[in-house]
file model-v8.cif (mmCIF, C-alpha atoms and all ligand atoms)
data_protein
#
loop_
_atom_site.group_PDB
_atom_site.id
_atom_site.type_symbol
_atom_site.label_atom_id
_atom_site.label_comp_id
_atom_site.auth_asym_id
_atom_site.auth_seq_id
_atom_site.Cartn_x
_atom_site.Cartn_y
_atom_site.Cartn_z
ATOM 1 C CA MET L 1 9.648 10.705 -9.980
ATOM 2 C CA HIS L 2 8.468 9.250 -13.277
ATOM 3 C CA ASN L 3 8.773 10.238 -16.917
ATOM 4 C CA LYS L 4 8.070 8.770 -20.374
ATOM 5 C CA MET L 5 11.565 7.294 -20.655
ATOM 6 C CA ASP L 6 11.232 5.515 -17.284
ATOM 7 C CA HIS L 7 7.877 4.142 -18.402
ATOM 8 C CA ALA L 8 9.384 2.822 -21.666
ATOM 9 C CA ILE L 9 12.230 1.147 -19.751
ATOM 10 C CA GLU L 10 9.715 -0.329 -17.321
ATOM 11 C CA ILE L 11 7.583 -1.790 -20.141
ATOM 12 C CA THR L 12 10.645 -3.267 -21.884
ATOM 13 C CA ALA L 13 11.778 -4.866 -18.605
ATOM 14 C CA SER L 14 8.317 -6.242 -17.938
ATOM 15 C CA LEU L 15 8.045 -7.727 -21.447
ATOM 16 C CA LYS L 16 11.245 -9.648 -20.745
ATOM 17 C CA ARG L 17 9.692 -10.923 -17.486
ATOM 18 C CA LEU L 18 6.511 -11.920 -19.361
ATOM 19 C CA ASP L 19 8.569 -13.985 -21.825
ATOM 20 C CA GLU L 20 9.610 -16.270 -18.988
ATOM 21 C CA PRO L 21 7.122 -19.065 -18.283
ATOM 22 C CA THR L 22 5.808 -19.507 -14.748
ATOM 23 C CA THR L 23 7.304 -22.774 -13.496
ATOM 24 C CA LYS L 24 7.418 -24.457 -10.105
ATOM 25 C CA ALA L 25 10.850 -22.875 -9.586
ATOM 26 C CA ASN L 26 9.522 -19.333 -9.864
ATOM 27 C CA MET L 27 6.222 -20.030 -8.057
ATOM 28 C CA PRO L 28 7.064 -20.369 -4.356
ATOM 29 C CA THR L 29 4.273 -21.257 -1.946
ATOM 30 C CA VAL L 30 3.776 -18.944 1.024
ATOM 31 C CA SER L 31 2.430 -20.341 4.272
ATOM 32 C CA ALA L 32 -0.744 -18.255 4.578
ATOM 33 C CA GLN L 33 -4.322 -18.114 5.823
ATOM 34 C CA PRO L 34 -6.859 -19.467 5.036
ATOM 35 C CA PHE L 35 -4.603 -21.791 2.996
ATOM 36 C CA PRO L 36 -1.198 -21.670 1.228
ATOM 37 C CA PHE L 37 -0.674 -18.924 -1.337
ATOM 38 C CA ASP L 38 1.109 -19.644 -4.654
ATOM 39 C CA LEU L 39 3.179 -16.588 -5.547
ATOM 40 C CA PRO L 40 4.229 -16.265 -9.212
ATOM 41 C CA ARG L 41 7.355 -14.177 -8.711
ATOM 42 C CA LEU L 42 7.368 -12.795 -12.277
ATOM 43 C CA ARG L 43 3.809 -11.497 -11.892
ATOM 44 C CA THR L 44 3.901 -10.164 -8.319
ATOM 45 C CA ALA L 45 4.385 -6.648 -6.927
ATOM 46 C CA LEU L 46 4.574 -5.278 -3.396
ATOM 47 C CA VAL L 47 2.191 -2.372 -2.719
ATOM 48 C CA VAL L 48 3.098 -0.090 0.195
ATOM 49 C CA ILE L 49 0.077 2.010 1.098
ATOM 50 C CA ASP L 50 0.262 5.557 2.480
ATOM 51 C CA MET L 51 3.333 5.288 4.751
ATOM 52 C CA GLN L 52 3.279 9.090 4.885
ATOM 53 C CA ARG L 53 4.243 11.468 7.637
ATOM 54 C CA ASP L 54 0.583 12.616 7.719
ATOM 55 C CA PHE L 55 -0.486 9.224 9.087
ATOM 56 C CA VAL L 56 2.535 8.150 11.114
ATOM 57 C CA GLU L 57 3.870 11.321 12.748
ATOM 58 C CA PRO L 58 2.312 13.676 15.295
ATOM 59 C CA GLY L 59 0.701 16.803 13.814
ATOM 60 C CA GLY L 60 -0.599 15.189 10.605
ATOM 61 C CA PHE L 61 -3.945 13.945 9.328
ATOM 62 C CA GLY L 62 -4.083 10.822 11.514
ATOM 63 C CA ALA L 63 -3.430 12.841 14.662
ATOM 64 C CA ALA L 64 -5.865 15.559 13.558
ATOM 65 C CA LEU L 65 -8.590 12.892 13.521
ATOM 66 C CA GLY L 66 -7.861 12.267 17.197
ATOM 67 C CA ASN L 67 -5.766 9.096 16.784
ATOM 68 C CA ASN L 68 -2.665 7.857 18.614
ATOM 69 C CA VAL L 69 -0.221 7.705 15.687
ATOM 70 C CA GLY L 70 2.381 5.894 17.809
ATOM 71 C CA LEU L 71 0.336 2.710 17.290
ATOM 72 C CA LEU L 72 1.482 2.597 13.647
ATOM 73 C CA THR L 73 5.241 2.963 14.090
ATOM 74 C CA PRO L 74 6.172 -0.628 15.134
ATOM 75 C CA ILE L 75 5.600 -1.888 11.564
ATOM 76 C CA ILE L 76 8.188 0.491 10.054
ATOM 77 C CA PRO L 77 11.366 -1.620 10.515
ATOM 78 C CA ILE L 78 9.526 -4.839 9.566
ATOM 79 C CA LEU L 79 8.161 -3.260 6.397
ATOM 80 C CA ALA L 80 11.626 -1.896 5.558
ATOM 81 C CA GLN L 81 12.944 -5.481 5.678
ATOM 82 C CA LEU L 82 10.168 -6.765 3.436
ATOM 83 C CA MET L 83 10.777 -3.972 0.911
ATOM 84 C CA ALA L 84 14.481 -4.845 0.926
ATOM 85 C CA ALA L 85 13.605 -8.498 0.198
ATOM 86 C CA PHE L 86 11.407 -7.577 -2.779
ATOM 87 C CA ARG L 87 14.112 -5.275 -4.141
ATOM 88 C CA PHE L 88 16.783 -7.946 -3.601
ATOM 89 C CA HIS L 89 14.743 -10.437 -5.649
ATOM 90 C CA GLY L 90 14.090 -7.850 -8.393
ATOM 91 C CA LEU L 91 10.340 -7.646 -7.753
ATOM 92 C CA PRO L 92 8.557 -4.289 -8.114
ATOM 93 C CA VAL L 93 7.827 -2.126 -5.082
ATOM 94 C CA ILE L 94 4.932 0.293 -5.642
ATOM 95 C CA HIS L 95 4.126 3.128 -3.227
ATOM 96 C CA THR L 96 0.882 5.054 -2.772
ATOM 97 C CA ARG L 97 0.184 8.419 -1.159
ATOM 98 C CA GLU L 98 -3.195 9.810 -0.159
ATOM 99 C CA GLY L 99 -3.502 13.505 -0.876
ATOM 100 C CA HIS L 100 -5.112 16.360 -2.720
ATOM 101 C CA LYS L 101 -4.309 19.237 -5.042
ATOM 102 C CA PRO L 102 -3.631 22.557 -3.271
ATOM 103 C CA ASP L 103 -6.923 23.995 -4.609
ATOM 104 C CA LEU L 104 -8.792 20.956 -3.149
ATOM 105 C CA SER L 105 -10.574 20.469 -6.495
ATOM 106 C CA ASP L 106 -10.136 16.704 -6.039
ATOM 107 C CA CYS L 107 -11.377 16.659 -2.440
ATOM 108 C CA PRO L 108 -15.166 16.484 -2.279
ATOM 109 C CA PRO L 109 -16.819 18.280 0.669
ATOM 110 C CA ALA L 110 -18.169 14.860 1.693
ATOM 111 C CA LYS L 111 -14.561 13.876 2.422
ATOM 112 C CA ARG L 112 -13.271 17.181 3.794
ATOM 113 C CA ASN L 113 -16.101 17.687 6.256
ATOM 114 C CA ARG L 114 -15.532 14.448 8.129
ATOM 115 C CA GLY L 115 -14.147 14.005 11.592
ATOM 116 C CA GLU L 116 -15.475 13.409 15.061
ATOM 117 C CA ALA L 117 -17.026 16.498 16.655
ATOM 118 C CA GLY L 118 -14.758 17.815 19.396
ATOM 119 C CA LYS L 119 -11.849 15.557 18.397
ATOM 120 C CA SER L 120 -10.967 16.678 14.861
ATOM 121 C CA VAL L 121 -8.752 19.716 15.099
ATOM 122 C CA LEU L 122 -7.526 20.273 11.552
ATOM 123 C CA LYS L 123 -9.264 19.367 8.312
ATOM 124 C CA ILE L 124 -7.747 18.415 4.942
ATOM 125 C CA GLY L 125 -6.121 21.529 3.480
ATOM 126 C CA ASP L 126 -5.698 23.317 6.832
ATOM 127 C CA GLN L 127 -2.236 24.497 7.879
ATOM 128 C CA GLY L 128 -0.636 22.177 10.425
ATOM 129 C CA PRO L 129 2.860 21.704 11.867
ATOM 130 C CA MET L 130 3.855 19.598 8.801
ATOM 131 C CA GLY L 131 2.313 21.970 6.266
ATOM 132 C CA ARG L 132 -1.209 21.814 4.849
ATOM 133 C CA ILE L 133 -2.887 18.551 5.864
ATOM 134 C CA LEU L 134 -2.869 15.867 3.141
ATOM 135 C CA ILE L 135 -1.852 18.256 0.345
ATOM 136 C CA HIS L 136 0.561 17.334 -2.468
ATOM 137 C CA GLY L 137 4.081 18.651 -1.949
ATOM 138 C CA GLU L 138 3.696 19.443 1.758
ATOM 139 C CA PRO L 139 6.103 17.831 4.265
ATOM 140 C CA GLY L 140 3.272 15.785 5.817
ATOM 141 C CA HIS L 141 2.349 14.309 2.433
ATOM 142 C CA GLN L 142 5.798 12.767 1.965
ATOM 143 C CA ILE L 143 6.540 9.108 2.546
ATOM 144 C CA ILE L 144 8.529 8.664 5.769
ATOM 145 C CA PRO L 145 12.303 8.639 5.123
ATOM 146 C CA GLU L 146 12.762 5.082 6.483
ATOM 147 C CA LEU L 147 10.550 3.732 3.672
ATOM 148 C CA ALA L 148 11.391 6.255 0.921
ATOM 149 C CA PRO L 149 10.865 5.078 -2.664
ATOM 150 C CA LEU L 150 14.003 4.329 -4.644
ATOM 151 C CA PRO L 151 14.550 6.230 -7.907
ATOM 152 C CA GLY L 152 12.428 4.633 -10.634
ATOM 153 C CA GLU L 153 9.907 3.001 -8.287
ATOM 154 C CA ILE L 154 6.262 3.744 -9.012
ATOM 155 C CA VAL L 155 4.551 6.239 -6.701
ATOM 156 C CA ILE L 156 0.771 6.506 -7.100
ATOM 157 C CA ASP L 157 -0.927 9.666 -5.831
ATOM 158 C CA LYS L 158 -4.535 8.929 -4.948
ATOM 159 C CA PRO L 159 -7.359 11.249 -3.880
ATOM 160 C CA GLY L 160 -9.379 8.509 -2.202
ATOM 161 C CA LYS L 161 -8.964 5.680 0.244
ATOM 162 C CA GLY L 162 -8.705 3.114 -2.554
ATOM 163 C CA SER L 163 -5.575 3.117 -4.738
ATOM 164 C CA PHE L 164 -7.422 2.433 -8.020
ATOM 165 C CA TYR L 165 -10.044 5.207 -7.926
ATOM 166 C CA ASN L 166 -8.906 8.098 -10.174
ATOM 167 C CA THR L 167 -5.306 6.827 -10.462
ATOM 168 C CA PRO L 168 -3.142 5.194 -13.163
ATOM 169 C CA LEU L 169 -2.451 2.129 -10.965
ATOM 170 C CA GLN L 170 -4.300 -0.424 -13.088
ATOM 171 C CA ASP L 171 -2.539 0.728 -16.304
ATOM 172 C CA ARG L 172 0.832 0.594 -14.591
ATOM 173 C CA LEU L 173 0.195 -2.935 -13.295
ATOM 174 C CA SER L 174 -0.989 -4.068 -16.734
ATOM 175 C CA SER L 175 2.148 -2.768 -18.415
ATOM 176 C CA LEU L 176 4.252 -4.680 -15.868
ATOM 177 C CA GLY L 177 2.242 -7.889 -16.393
ATOM 178 C CA ILE L 178 1.311 -8.037 -12.706
ATOM 179 C CA THR L 179 -1.477 -10.412 -11.628
ATOM 180 C CA HIS L 180 -0.662 -10.878 -7.909
ATOM 181 C CA LEU L 181 -0.413 -8.095 -5.317
ATOM 182 C CA VAL L 182 1.125 -8.167 -1.847
ATOM 183 C CA PHE L 183 -0.337 -5.430 0.379
ATOM 184 C CA THR L 184 1.204 -3.539 3.287
ATOM 185 C CA GLY L 185 0.820 -0.105 4.879
ATOM 186 C CA VAL L 186 -1.773 1.932 6.746
ATOM 187 C CA THR L 187 -4.436 1.822 7.865
ATOM 188 C CA THR L 188 -5.571 -1.776 7.683
ATOM 189 C CA GLU L 189 -9.303 -1.219 7.636
ATOM 190 C CA VAL L 190 -9.343 2.028 5.656
ATOM 191 C CA CYS L 191 -6.921 2.488 2.722
ATOM 192 C CA VAL L 192 -5.450 -1.021 2.753
ATOM 193 C CA GLN L 193 -8.753 -2.866 2.887
ATOM 194 C CA THR L 194 -10.424 -0.522 0.375
ATOM 195 C CA THR L 195 -7.537 -1.036 -2.065
ATOM 196 C CA MET L 196 -7.590 -4.809 -1.596
ATOM 197 C CA ARG L 197 -11.278 -4.938 -2.352
ATOM 198 C CA GLU L 198 -10.806 -2.759 -5.455
ATOM 199 C CA ALA L 199 -7.942 -5.034 -6.565
ATOM 200 C CA ASN L 200 -9.896 -8.225 -5.893
ATOM 201 C CA ASP L 201 -12.805 -6.991 -8.015
ATOM 202 C CA ARG L 202 -10.355 -6.135 -10.814
ATOM 203 C CA GLY L 203 -9.100 -9.722 -10.898
ATOM 204 C CA TYR L 204 -5.856 -9.451 -8.915
ATOM 205 C CA THR L 205 -4.957 -12.197 -6.453
ATOM 206 C CA CYS L 206 -4.231 -10.456 -3.145
ATOM 207 C CA LEU L 207 -2.081 -11.221 -0.114
ATOM 208 C CA LEU L 208 -1.979 -8.978 2.992
ATOM 209 C CA VAL L 209 1.097 -9.052 5.252
ATOM 210 C CA GLU L 210 -0.145 -9.122 8.845
ATOM 211 C CA ASP L 211 2.869 -7.540 10.581
ATOM 212 C CA CYS L 212 3.374 -4.902 7.864
ATOM 213 C CA THR L 213 -0.038 -3.280 8.229
ATOM 214 C CA GLU L 214 -1.510 -1.431 11.197
ATOM 215 C CA SER L 215 -4.547 0.442 12.412
ATOM 216 C CA TYR L 216 -5.224 3.120 15.025
ATOM 217 C CA PHE L 217 -7.767 0.587 16.343
ATOM 218 C CA PRO L 218 -6.213 -2.823 17.154
ATOM 219 C CA GLU L 219 -9.613 -4.518 17.121
ATOM 220 C CA PHE L 220 -10.335 -3.161 13.620
ATOM 221 C CA LYS L 221 -7.074 -4.665 12.348
ATOM 222 C CA LYS L 222 -7.963 -8.022 13.856
ATOM 223 C CA VAL L 223 -11.443 -8.170 12.354
ATOM 224 C CA THR L 224 -10.232 -6.865 8.987
ATOM 225 C CA LEU L 225 -7.746 -9.739 8.719
ATOM 226 C CA ASN L 226 -10.561 -12.123 9.610
ATOM 227 C CA MET L 227 -12.967 -10.590 7.080
ATOM 228 C CA ILE L 228 -10.433 -10.706 4.253
ATOM 229 C CA ARG L 229 -9.532 -14.367 4.621
ATOM 230 C CA ALA L 230 -13.019 -15.609 5.613
ATOM 231 C CA GLN L 231 -15.191 -17.644 3.284
ATOM 232 C CA GLY L 232 -12.196 -19.245 1.563
ATOM 233 C CA ALA L 233 -10.216 -16.010 0.941
ATOM 234 C CA ILE L 234 -13.216 -13.989 -0.223
ATOM 235 C CA VAL L 235 -10.987 -10.885 -0.577
ATOM 236 C CA GLY L 236 -7.550 -12.485 -0.250
ATOM 237 C CA TRP L 237 -4.993 -14.242 1.913
ATOM 238 C CA THR L 238 -2.918 -13.076 4.907
ATOM 239 C CA CYS L 239 0.591 -14.143 5.926
ATOM 240 C CA THR L 240 3.500 -13.001 8.088
ATOM 241 C CA SER L 241 6.516 -11.156 6.669
ATOM 242 C CA HIS L 242 8.721 -14.007 7.918
ATOM 243 C CA ASP L 243 6.804 -16.605 5.923
ATOM 244 C CA LEU L 244 6.769 -14.393 2.835
ATOM 245 C CA ILE L 245 10.501 -13.606 2.973
ATOM 246 C CA THR L 246 11.248 -17.312 3.527
ATOM 247 C CA ALA L 247 9.172 -18.304 0.493
ATOM 248 C CA LEU L 248 10.785 -15.632 -1.697
ATOM 249 C CA ALA L 249 14.246 -16.929 -0.757
ATOM 250 C CA GLU L 250 13.246 -20.564 -1.426
ATOM 251 C CA GLY L 251 11.781 -19.750 -4.830
ATOM 252 C CA SER L 252 14.830 -17.854 -6.133
HETATM 253 N N1 LIG Z 301 -8.171 7.500 8.945
HETATM 254 C C1 LIG Z 301 -7.620 6.338 8.594
HETATM 255 O O1 LIG Z 301 -7.625 5.368 9.335
HETATM 256 N N2 LIG Z 301 -7.008 6.224 7.375
HETATM 257 C C2 LIG Z 301 -7.030 7.116 6.337
HETATM 258 O O2 LIG Z 301 -7.703 8.144 6.373
HETATM 259 N N3 LIG Z 301 -6.225 6.857 5.281
HETATM 260 C C3 LIG Z 301 -5.501 5.680 5.127
HETATM 261 O O3 LIG Z 301 -5.866 4.651 5.679
HETATM 262 N N4 LIG Z 301 -4.409 5.742 4.404
#

call {"tool": "encode", "arguments": {"input": "model-v8.cif", "output": "structure tokens", "more": "lines below"}}
Ligand code: TIU
result
Amino acid sequence: MHNKMDHAIEITASLKRLDEPTTKANMPTVSAQPFPFDLPRLRTALVVIDMQRDFVEPGGFGAALGNNVGLLTPIIPILAQLMAAFRFHGLPVIHTREGHKPDLSDCPPAKRNRGEAGKSVLKIGDQGPMGRILIHGEPGHQIIPELAPLPGEIVIDKPGKGSFYNTPLQDRLSSLGITHLVFTGVTTEVCVQTTMREANDRGYTCLLVEDCTESYFPEFKKVTLNMIRAQGAIVGWTCTSHDLITALAEGS
């Protein structure tokens, strides 16, 4: 997916972007909560978290934990539209995947041995209908075809719930000159929220797209959105995909 030449091209392209000053014309304002969000288009990337078969399709990790994976699927076409808008405007789309090496050397027992007694059928590394659960290279580990990365887009493989822990994400964002992150994906209160908190502590300004993230627990999604934007955007802002796409079009 990524080699040294791609990385060199990416850095050259980002240096060109960094040459351009941020002006009112390339800083659209998104209608957001708890208050409007200024989006510097030359410094912003879309992060699509863990839209993998293992979370979205029956027989994967999400289902093995006892969840109804059908709850996540309504965001797929909306997220596809948002990704198309970012690509249309030439803004980076970054994908993440949760998963582990086949020998499980990056999966601590504290993670593998989780699951509700009586509900959890398969554990990480066990053989399921989409291959070994949450293991690199297995069918279940792949991003769903509807949201597949385009050639050259960054794909971050992460062993944890957060996207920064033990990954090259921060280096990749630095080389692109990114300061603002727009978050989408699953699940809202687990990998998305963990990543947003990691990003917030690292100094990124964060926006979560309400209709492009979902949880197996609707009430957890609702309270996560509230927690993030409480106290004057303590972790970040939230907005709808419609308001974000509108702002991107106005600022171009
Ligand atoms: N279980 C659950 O809600 N989520 C995860 O384990 N991973 C992600 O959120 N990607």

call {"tool": "resolve_selection", "arguments": {"input": "model-v8.cif", "expression": "the PyMOL selection byres (((chain L and resi 224) around 10) and not hetatm)", "output": "JSON, numbers by chain"}}
result
{"L": [188, 189, 190, 192, 193, 215, 218, 219, 220, 221, 222, 223, 225, 226, 227, 228, 229, 230]}

call {"tool": "resolve_selection", "arguments": {"input": "model-v8.cif", "expression": "the PyMOL selection byres (((chain L and resi 132) around 12) and not hetatm)", "output": "PyMOL selection string"}}
result
chain L and resi 54+59-61+64+99-104+122-131+133-142

call {"tool": "write_last_selection", "arguments": {"input": "model-v8.cif", "atoms": "C-alpha atoms", "output": "PDB file, keeping the file's coordinate frame"}}
result
ATOM      1  CA  ASP L  54       0.583  12.616   7.719  1.00  0.00           C
ATOM      2  CA  GLY L  59       0.701  16.803  13.814  1.00  0.00           C
ATOM      3  CA  GLY L  60      -0.599  15.189  10.605  1.00  0.00           C
ATOM      4  CA  PHE L  61      -3.945  13.945   9.328  1.00  0.00           C
ATOM      5  CA  ALA L  64      -5.865  15.559  13.558  1.00  0.00           C
ATOM      6  CA  GLY L  99      -3.502  13.505  -0.876  1.00  0.00           C
ATOM      7  CA  HIS L 100      -5.112  16.360  -2.720  1.00  0.00           C
ATOM      8  CA  LYS L 101      -4.309  19.237  -5.042  1.00  0.00           C
ATOM      9  CA  PRO L 102      -3.631  22.557  -3.271  1.00  0.00           C
ATOM     10  CA  ASP L 103      -6.923  23.995  -4.609  1.00  0.00           C
ATOM     11  CA  LEU L 104      -8.792  20.956  -3.149  1.00  0.00           C
ATOM     12  CA  LEU L 122      -7.526  20.273  11.552  1.00  0.00           C
ATOM     13  CA  LYS L 123      -9.264  19.367   8.312  1.00  0.00           C
ATOM     14  CA  ILE L 124      -7.747  18.415   4.942  1.00  0.00           C
ATOM     15  CA  GLY L 125      -6.121  21.529   3.480  1.00  0.00           C
ATOM     16  CA  ASP L 126      -5.698  23.317   6.832  1.00  0.00           C
ATOM     17  CA  GLN L 127      -2.236  24.497   7.879  1.00  0.00           C
ATOM     18  CA  GLY L 128      -0.636  22.177  10.425  1.00  0.00           C
ATOM     19  CA  PRO L 129       2.860  21.704  11.867  1.00  0.00           C
ATOM     20  CA  MET L 130       3.855  19.598   8.801  1.00  0.00           C
ATOM     21  CA  GLY L 131       2.313  21.970   6.266  1.00  0.00           C
ATOM     22  CA  ILE L 133      -2.887  18.551   5.864  1.00  0.00           C
ATOM     23  CA  LEU L 134      -2.869  15.867   3.141  1.00  0.00           C
ATOM     24  CA  ILE L 135      -1.852  18.256   0.345  1.00  0.00           C
ATOM     25  CA  HIS L 136       0.561  17.334  -2.468  1.00  0.00           C
ATOM     26  CA  GLY L 137       4.081  18.651  -1.949  1.00  0.00           C
ATOM     27  CA  GLU L 138       3.696  19.443   1.758  1.00  0.00           C
ATOM     28  CA  PRO L 139       6.103  17.831   4.265  1.00  0.00           C
ATOM     29  CA  GLY L 140       3.272  15.785   5.817  1.00  0.00           C
ATOM     30  CA  HIS L 141       2.349  14.309   2.433  1.00  0.00           C
ATOM     31  CA  GLN L 142       5.798  12.767   1.965  1.00  0.00           C
TER      32      GLN L 142
END

call {"tool": "atom_distance", "arguments": {"input": "model-v8.cif", "atom1": "CA of Glu116 in chain L", "atom2": "CA of Thr213 in chain L"}}
result
23.7 Å

call {"tool": "atom_distance", "arguments": {"input": "model-v8.cif", "atom1": "CA of Leu147 in chain L", "atom2": "CA of Asp201 in chain L"}}
result
28.2 Å

call {"tool": "closest_atom_pairs", "arguments": {"input": "model-v8.cif", "of": "chain L", "to": "ligand LIG 301 (chain Z)", "cutoff": "8 Å", "atoms": "only C-alpha atoms and all ligand atoms", "output": "tab-separated table"}}
result
residue	atom	partner	partner_atom	distance
L:Ile49	CA	Z:LIG301	N4	6.7
L:Asp50	CA	Z:LIG301	N4	5.1
L:Met51	CA	Z:LIG301	N4	7.8
L:Phe55	CA	Z:LIG301	N4	7.0
L:Phe61	CA	Z:LIG301	O2	7.5
L:Gly62	CA	Z:LIG301	N1	5.9
L:Leu65	CA	Z:LIG301	N1	7.1
L:Arg97	CA	Z:LIG301	N4	7.7
L:Glu98	CA	Z:LIG301	N4	6.2
L:Lys161	CA	Z:LIG301	N3	5.9
L:Gly185	CA	Z:LIG301	N4	7.9
L:Val186	CA	Z:LIG301	O3	5.0
L:Thr187	CA	Z:LIG301	O3	3.9
L:Thr188	CA	Z:LIG301	O3	6.7
L:Glu189	CA	Z:LIG301	O1	7.0
L:Val190	CA	Z:LIG301	O3	4.4
L:Cys191	CA	Z:LIG301	O3	3.8
L:Val192	CA	Z:LIG301	O3	6.4
L:Ser215	CA	Z:LIG301	O1	6.6
L:Tyr216	CA	Z:LIG301	O1	6.6

call {"tool": "closest_residue", "arguments": {"input": "model-v8.cif", "among": "L:Arg43, L:Lys158, L:Lys119, L:His242", "to": "Val209 in chain L", "atoms": "all atoms listed in the file"}}
result
L:His242

call {"tool": "atom_distance", "arguments": {"input": "model-v8.cif", "atom1": "CA of Thr240 in chain L", "atom2": "CA of Gln170 in chain L"}}
result
25.8 Å

call {"tool": "resolve_selection", "arguments": {"input": "model-v8.cif", "expression": "the PyMOL selection byres (((chain L and resi 206) around 8) and not hetatm)", "output": "list in words"}}
result
His180, Leu181, Val182, Phe183, Met196, Ala199, Asn200, Tyr204, Thr205, Leu207, Leu208, Val235, Gly236 and Trp237 of chain L

call {"tool": "closest_atom_pairs", "arguments": {"input": "model-v8.cif", "of": "range 50-130 of chain L", "to": "range 149-155 of chain L", "cutoff": "12 Å", "atoms": "all atoms listed in the file", "output": "JSON lines"}}
result
{"residue": "L:Asp50", "atom": "CA", "partner": "L:Val155", "partner_atom": "CA", "distance": 10.2}
{"residue": "L:Met51", "atom": "CA", "partner": "L:Pro149", "partner_atom": "CA", "distance": 10.6}
{"residue": "L:Gln52", "atom": "CA", "partner": "L:Pro149", "partner_atom": "CA", "distance": 11.4}
{"residue": "L:Ala80", "atom": "CA", "partner": "L:Pro149", "partner_atom": "CA", "distance": 10.8}
{"residue": "L:Met83", "atom": "CA", "partner": "L:Pro149", "partner_atom": "CA", "distance": 9.7}
{"residue": "L:Ala84", "atom": "CA", "partner": "L:Leu150", "partner_atom": "CA", "distance": 10.7}
{"residue": "L:Arg87", "atom": "CA", "partner": "L:Leu150", "partner_atom": "CA", "distance": 9.6}
{"residue": "L:Gly90", "atom": "CA", "partner": "L:Glu153", "partner_atom": "CA", "distance": 11.6}
{"residue": "L:Leu91", "atom": "CA", "partner": "L:Glu153", "partner_atom": "CA", "distance": 10.7}
{"residue": "L:Pro92", "atom": "CA", "partner": "L:Glu153", "partner_atom": "CA", "distance": 7.4}
{"residue": "L:Val93", "atom": "CA", "partner": "L:Glu153", "partner_atom": "CA", "distance": 6.4}
{"residue": "L:Ile94", "atom": "CA", "partner": "L:Ile154", "partner_atom": "CA", "distance": 5.0}
{"residue": "L:His95", "atom": "CA", "partner": "L:Val155", "partner_atom": "CA", "distance": 4.7}
{"residue": "L:Thr96", "atom": "CA", "partner": "L:Val155", "partner_atom": "CA", "distance": 5.5}
{"residue": "L:Arg97", "atom": "CA", "partner": "L:Val155", "partner_atom": "CA", "distance": 7.4}
{"residue": "L:Glu98", "atom": "CA", "partner": "L:Val155", "partner_atom": "CA", "distance": 10.7}

call {"tool": "closest_residue", "arguments": {"input": "model-v8.cif", "among": "L:Val47, L:Val121, L:Ala110, L:Val56", "to": "Pro145 in chain L", "atoms": "only C-alpha atoms"}}
result
L:Val56

call {"tool": "build_atoms", "arguments": {"input": "model-v8.cif", "residues": "range 50-62 of chain L", "atoms": "N, CA and C atoms", "output": "mmCIF file, in the frame of the given file"}}
result
data_model
loop_
_atom_site.group_PDB
_atom_site.id
_atom_site.type_symbol
_atom_site.label_atom_id
_atom_site.label_comp_id
_atom_site.auth_asym_id
_atom_site.auth_seq_id
_atom_site.Cartn_x
_atom_site.Cartn_y
_atom_site.Cartn_z
ATOM 1 N N ASP L 50 0.408 4.337 1.667
ATOM 2 C CA ASP L 50 0.262 5.557 2.480
ATOM 3 C C ASP L 50 1.151 5.630 3.725
ATOM 4 N N MET L 51 2.407 5.167 3.608
ATOM 5 C CA MET L 51 3.333 5.288 4.751
ATOM 6 C C MET L 51 3.886 6.717 4.770
ATOM 7 N N GLN L 52 2.963 7.661 4.952
ATOM 8 C CA GLN L 52 3.279 9.090 4.885
ATOM 9 C C GLN L 52 3.378 9.687 6.281
ATOM 10 N N ARG L 53 4.114 10.785 6.351
ATOM 11 C CA ARG L 53 4.243 11.468 7.637
ATOM 12 C C ARG L 53 2.870 11.855 8.177
ATOM 13 N N ASP L 54 1.918 12.197 7.295
ATOM 14 C CA ASP L 54 0.583 12.616 7.719
ATOM 15 C C ASP L 54 -0.169 11.551 8.516
ATOM 16 N N PHE L 55 0.201 10.288 8.342
ATOM 17 C CA PHE L 55 -0.486 9.224 9.087
ATOM 18 C C PHE L 55 0.322 8.713 10.271
ATOM 19 N N VAL L 56 1.649 8.840 10.173
ATOM 20 C CA VAL L 56 2.535 8.150 11.114
ATOM 21 C C VAL L 56 3.123 9.089 12.165
ATOM 22 N N GLU L 57 3.206 10.379 11.841
ATOM 23 C CA GLU L 57 3.870 11.321 12.748
ATOM 24 C C GLU L 57 2.847 12.238 13.439
ATOM 25 N N PRO L 58 3.205 12.725 14.615
ATOM 26 C CA PRO L 58 2.312 13.676 15.295
ATOM 27 C C PRO L 58 2.130 14.938 14.443
ATOM 28 N N GLY L 59 0.943 15.528 14.508
ATOM 29 C CA GLY L 59 0.701 16.803 13.814
ATOM 30 C C GLY L 59 0.144 16.640 12.413
ATOM 31 N N GLY L 60 -0.083 15.401 11.951
ATOM 32 C CA GLY L 60 -0.599 15.189 10.605
ATOM 33 C C GLY L 60 -2.085 14.868 10.597
ATOM 34 N N PHE L 61 -2.520 14.241 9.507
ATOM 35 C CA PHE L 61 -3.945 13.945 9.328
ATOM 36 C C PHE L 61 -4.447 12.937 10.364
ATOM 37 N N GLY L 62 -3.669 11.865 10.564
ATOM 38 C CA GLY L 62 -4.083 10.822 11.514
ATOM 39 C C GLY L 62 -4.279 11.396 12.902
#
